[in-house]
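S.K.: Submitted below is the structure of interest, expressed as structure tokens.
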Amino acid sequence: MEYVFAPLIPSLSVAGSPLRFPLRRVWCIGRNYADHVKEMGHAALPEAPVIFAKPADAVVADGGTIVFPCATGDLHHEVELVVAIGRDGFRIAPEAALEHVFGYAVGIDLTRRDLQAAAKAKANPWEVGKSFDRSAPVGTIRPVADCGHPARGTISLRVNGGLRQNGDLAQMIWPVPALIAQLSQLFELHAGDLIFTGTPAGVAAVRPGDSLDAAIEGVGSLQLKFAAA
Ligand code: MN
């Protein structure tokens, strides 16, 4: 097979392995921690998970310096547990959901909050606020064989050393098996898919030159720096 130009295969590193994890699609869950739902101004908890997506080439690996995203005056960090799917499935039962997980990683759902708010106000789609270039930093994937299925543990994010977000995975409204089950009612999940599982409270703006340091107990960490303006 030859292509008219070289194809890009986005991928992530895997802890303890020389093999790369090839990325297929990036699913994201919104409003999965009650304290974040509240800080975003919603009176009630959602009745079902809020689902959106980012392109796979929006994923940025751990440890780099990236260009500050364009077209925003209010770029927010959202630290999230990321599930890496390792086995295809459709209409997966919650009891069988964890069998489809290859591993876990720390991710940051970067959000152009000003553009997202404008889209929400007009009942428009969220892509301009969520699915931009380099909007999905993700750390090294830790395989299930190594870390199990973390259901509790601290999830935190620091900006220039200062603690901004500090929650616990146990606060998720829909835990990982429920998210996989519900996503797979709407989409065929495939090996290589990632699922961002929502963020705890404390989201706030970052600026050019800022350094982000995210961590999830039992999973790992993720460092990211924005280039100066
Ligand atoms: Mn998010």
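Identifiers in the structure tokens: chain A, B, ... in order shown; residue index from 1 per chain; ligand index from 1 in order shown.
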Which residues, written as a list in words, have at least one atom at most 10 Å from Thr72 (chain A), with only C-alpha atoms counted and residues fewer than 6 positions away on the same chain left out?

M.R.: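 The contact residues come out as Thr111, Arg112, Arg113, Asp114, Leu115 and Gly129 of chain A.
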
S.K.: With C-alpha atoms retained, could you export that selection as a compact mmCIF listing (two decimals), in the first residue's frame?

M.R.:
# COMPACT_ATOMS: atom_id res chain seq x y z
CA THR A 111 -10.47 23.56 27.11
CA ARG A 112 -10.93 26.94 25.41
CA ARG A 113 -13.53 27.85 28.03
CA ASP A 114 -14.50 31.12 26.36
CA LEU A 115 -15.26 29.38 23.06
CA GLY A 129 -13.85 24.74 22.67

S.K.: Find the residues near Ser211 (chain A): any atom within 9 Å, counting only C-alpha atoms, skip ones fewer than 5 places away on the same chain, and give them as a CSV table (one decimal) with C-alpha atoms, in the first residue's frame.

M.R.:
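Done, and the output landed in part.csv:
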chain,number,residue,atom,x,y,z
A,65,THR,CA,6.8,22.1,25.7
A,158,ARG,CA,-0.5,21.8,39.9
A,159,VAL,CA,0.3,25.0,37.9
A,160,ASN,CA,3.8,26.4,38.4
A,161,GLY,CA,3.9,24.3,41.6
A,206,VAL,CA,-3.4,28.9,32.4
A,223,GLN,CA,4.2,17.2,32.9
A,224,LEU,CA,3.5,19.8,30.3
A,225,LYS,CA,4.9,23.3,29.7
A,226,PHE,CA,3.4,26.0,27.5

S.K.: Taking only C-alpha atoms and all ligand atoms into account, report as a list of chain:residue names which residues have an atom no farther than 10 Å from an atom of ligand 1.

M.R.: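 Counting only C-alpha atoms and all ligand atoms, the residues within 10 Å of ligand 1 come out as A:Cys28, A:Ile29, A:Gly30, A:Arg31, A:Asn32, A:His36, A:Val50, A:Ile51, A:Phe52, A:His76, A:His77, A:Glu78, A:Val79, A:Glu80, A:Leu81, A:Gly107, A:Ile108, A:Asp109, A:Leu110, A:Thr111, A:Lys130, A:Ala136, A:Phe196, A:Thr197, A:Gly198, A:Thr199, A:Pro200, A:Val203.
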
S.K.: Residues at most 6 Å from region 165-176 of chain A, counting only C-alpha atoms, excluding those fewer than 5 positions away in the same chain, as number ranges by chain?

M.R.: A: 32-33, 151-157, 200, 202

S.K.: Please measure the separation of CA of Ile195 (chain A) and CA of Ala6 (chain A), giving the value in Å to one decimal.

M.R.: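 Computing the Euclidean distance for CA of Ile195 (chain A) and CA of Ala6 (chain A) yields 27.0 Å.
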
S.K.: Could you pull out the alpha helix (DSSP H) residues of region 59-120 of chain A, going by DSSP on the backbone, and write them as a PyMOL selection string?

M.R.: chain A and resi 113-120
